[in-house]
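For reference, the structure discussed in these notes is given below.
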Amino acid sequence: MSKPKFVYVVYIQATPEKVWQALIDPEMTKDYWGRHRNTSDWKPGSAWRHENYDEPDDVAIVGTVVESNRPHRLVLTWKRPEGNDVSRVTFDVEAYKDSVRLTVTHEELTAEMLQAISAGWPAVLSSLKTMLETGASMPMTRQPWHVRAAVRN
Amino acid sequence: MPQEAAGDCGGMRMIDTSKFKPNTVYVTYIAATPEKVWQALTDPAFTRQYFAGFEIDVEPRQGGGFRLRYPDGRVHMSGRVVEWSPPRRFSCTWLVEGMPDFRELPECLVTYDIEPAGGAVKLTMTEAHSWNVPDDILAGGRAGWPAILSSLKSVLETGRPLDIKMEPPKDMMAAVKRAVVDKPWEKQAW
C-alpha cells in the first residue's frame with residue numbers, strides 16, 4: 001500500500017509572485033505559520049529549515065529543495081530533525097482568473113505526520129489567505145503551536 | 001456523522017445517515033463569528049455571491065425542503081434538511097436535480113460544522129455518500145468545494161467574492177453516465 005497523501009487547495013486574491021513571496025519571507029511566515037520562518041537559498045539541492053522565528057536553534061522541520069520554479073512550483077522534502085521519516089511537500093501556485101489557486105500536496109506521510117499536518121495545513125493556509133487579502137493574518141497562527149496547545153488545554 | 005434518522009421527511013423516505021460515509025472533507029478557518037458563518041451558509045443574499053450564483057432556499061427546520069436555485073429560479077440542487085442547529089451544524093441531502101444524468105444518482109449528504117477556534121471559526125464541510133462513488137465523480141466536489149469555500153471566506157473577510165465559475169472535471173460527465181447505466185448502488189452494501 002502506498003503511503004498516505006494530503007492535498008489542500010485554497011484560492012487567494014493575490015498574484016502568484018505574492019503567494020510565493022509569502023511562503024519564503026520570514027516577516028510574512030511568522031504571522032501566519034505559528035511564528036516560524038523558512039530559511040534556505042531556495043536553489044534545487046539546497047537545504048531548507050522550518051525554525052522558530054525568535055529562537056532559530058529551535059528547528060521543527062528540515063529538508064532539501066527538490067524543485068524551485070519561482071513563482072509556480074516549489075518541492076521540498078520534509079522531516080523532523082531527530083527523525084528518519086522523509087515526506088515531500090509540493091506547492092503549486094497557479095493563476096486562476098483574478099486569483100491564485102494554491103495546491104499543497106504532502107506525500108509519503110507516516111500516519112503520525114498525516115495527523116499532524118492535516119490539522120496544520122488548513123489553519124496555516126487559511127491564515128495565509130486572510131493575510132494576503134486583508135493585510136493581517138489570523139491571530140491564532142501568530143504564536144508557536146505548542147503555546148497554542150497549552151492555551152487550549 | 002449524525003447517527004439519527006431525519007424523521008418524517010414530508011412524504012419522502014426516511015434518511016438513515018449512518019449509511020453515509022464521508023468521502024470529501026474540507027476545512028477552512030474564517031475570521032468571523034459562528035453566527036456570521038451560519039448566515040453566509042443559509043442566506044441567499046450571501047450564497048449568490050460565493051456559490052457560483054446559486055441562491056439557497058431552505059425551510060429552517062429538520063425535514064424541511066432545501067434548494068439551490070439558478071438566478072432565474074430554476075432548481076439546480078434539491079434535498080431535505082437533516083439537521084438544523086444554528087449556529088453549529090447544518091446538514092442536508094443533495095440531489096443534482098437540474099442536470100441530466102446527475103439527477104439519477106443517489107442523493108449525497110452535505111454537512112457543515114461550525115466551531116469557534118482561536119478567536120475565529122473553523123468551518124468543516126463533509127460530503128458523504130451511501131454508495132461506493134468513483135473518484136471521477138468525487139472529483140466534482142473535490143474541485144468545487146475549495147473554490148466555493150475560499151470564496152465564502154473572502155466574502156466574510158473582505159466583502160469581495162472570488163471569480164471561480166468552473167466547469168465539471170473532464171472525466172466526470174462520462175463517469176456519471178456510466179454510473180447511471182450500471183447503477184452500482186443497487187449492488188453494493190456498505
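Naming scheme: A, B, ... for chains in displayed order of the C-alpha cells; residues 1 onward per chain; ligands 1 onward as shown.
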
How close does each residue of chain A get to chain B, giving the shortest atom pair and distance in Å to one decimal for every residue with an atom at most 8 Å away, counting only C-alpha atoms, sorted by chain and residue number, as a tab-separated table?
residue	atom	partner	partner_atom	distance
A:Val9	CA	B:Pro146	CA	5.9
A:Val10	CA	B:Pro146	CA	5.8
A:Tyr11	CA	B:Ser150	CA	5.6
A:Ile12	CA	B:Ser150	CA	7.5
A:Gln13	CA	B:Leu162	CA	7.2
A:Lys97	CA	B:Asp163	CA	6.6
A:Asp98	CA	B:Asp163	CA	6.6
A:Ser99	CA	B:Leu162	CA	7.2
A:Pro122	CA	B:Thr28	CA	5.9
A:Ala123	CA	B:Tyr29	CA	6.1
A:Ser126	CA	B:Tyr29	CA	5.6
A:Ser127	CA	B:Tyr29	CA	7.4
A:Thr130	CA	B:Glu157	CA	7.5
A:Glu133	CA	B:Thr158	CA	7.2
A:Thr134	CA	B:Thr158	CA	6.6
A:Met138	CA	B:Ala31	CA	6.8
A:Pro139	CA	B:Gly119	CA	7.5
A:Met140	CA	B:Gly118	CA	5.2

Put those residues in a file: C-alpha atoms, as an mmCIF file, in the first residue's frame.
data_model
loop_
_atom_site.group_PDB
_atom_site.id
_atom_site.type_symbol
_atom_site.label_atom_id
_atom_site.label_comp_id
_atom_site.auth_asym_id
_atom_site.auth_seq_id
_atom_site.Cartn_x
_atom_site.Cartn_y
_atom_site.Cartn_z
ATOM 1 C CA VAL A 9 -6.418 23.679 -2.234
ATOM 2 C CA VAL A 10 -7.102 27.315 -1.443
ATOM 3 C CA TYR A 11 -7.944 30.230 -3.744
ATOM 4 C CA ILE A 12 -6.375 33.568 -2.860
ATOM 5 C CA GLN A 13 -6.973 37.035 -4.279
ATOM 6 C CA LYS A 97 -8.949 34.153 -13.291
ATOM 7 C CA ASP A 98 -8.318 37.098 -10.934
ATOM 8 C CA SER A 99 -6.913 34.882 -8.167
ATOM 9 C CA PRO A 122 -5.823 24.191 6.807
ATOM 10 C CA ALA A 123 -5.075 26.642 9.643
ATOM 11 C CA SER A 126 -6.428 29.857 5.775
ATOM 12 C CA SER A 127 -4.391 32.443 7.631
ATOM 13 C CA THR A 130 -6.513 36.134 5.175
ATOM 14 C CA GLU A 133 -6.384 39.547 1.210
ATOM 15 C CA THR A 134 -6.870 41.742 4.288
ATOM 16 C CA MET A 138 -5.459 35.363 11.865
ATOM 17 C CA PRO A 139 -4.236 35.848 15.477
ATOM 18 C CA MET A 140 -4.358 32.105 16.213
#

Exercise. Tell me which protein, DNA and RNA residues are within 10 Å of Ala136 (chain A), counting only C-alpha atoms, leaving out same-chain ones fewer than 5 positions away, and put them as a ChimeraX atom specification.
Key: /A:28,31-32,127-131

Exercise. Would you kindly return, as a ChimeraX atom specification, each protein, DNA or RNA residue with an atom no farther than 8 Å from any atom of Thr103 (chain A), considering only C-alpha atoms and excluding same-chain residues fewer than 5 positions away?
Key: /A:7-10,90-93

Would you mind exporting C-alpha atoms of the selected residues as a PDB file, in the first residue's frame?
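Printed below is out.pdb as written:
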ATOM      1  CA  VAL A   7      -3.968  17.606  -0.585  1.00  0.00           C
ATOM      2  CA  TYR A   8      -5.268  21.068   0.277  1.00  0.00           C
ATOM      3  CA  VAL A   9      -6.418  23.679  -2.234  1.00  0.00           C
ATOM      4  CA  VAL A  10      -7.102  27.315  -1.443  1.00  0.00           C
ATOM      5  CA  THR A  90       4.754  20.389  -3.295  1.00  0.00           C
ATOM      6  CA  PHE A  91       3.414  23.934  -3.539  1.00  0.00           C
ATOM      7  CA  ASP A  92       1.733  24.581  -6.886  1.00  0.00           C
ATOM      8  CA  VAL A  93       0.895  28.243  -7.446  1.00  0.00           C
TER       9      VAL A  93
END

Quiz item: Of the candidates A:Val100, A:Asp25, A:Ala119, A:Lys5, which one gets nearest to Arg88 (chain A) if we count only C-alpha atoms?
Solution: A:Lys5

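The space separating CA of Asn69 (chain A) from CA of Thr105 (chain A) comes to 15.9 Å.
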
Self-check item: Residue neighbourhood Lys18 (chain A), 10 Å, only C-alpha atoms, exclusion window fewer than 4 positions, as JSON, numbers by chain
Solution: {"A": [13, 14, 22, 23, 71, 100, 132]}

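Counting only C-alpha atoms and comparing A:Ser118, A:Gln143, A:Gln21, A:Asn84, the residue that lies closest to Val104 (chain A) is A:Ser118.
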
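Note that CA of Thr42 (chain B) and CA of Ser78 (chain B) are 14.1 Å apart.
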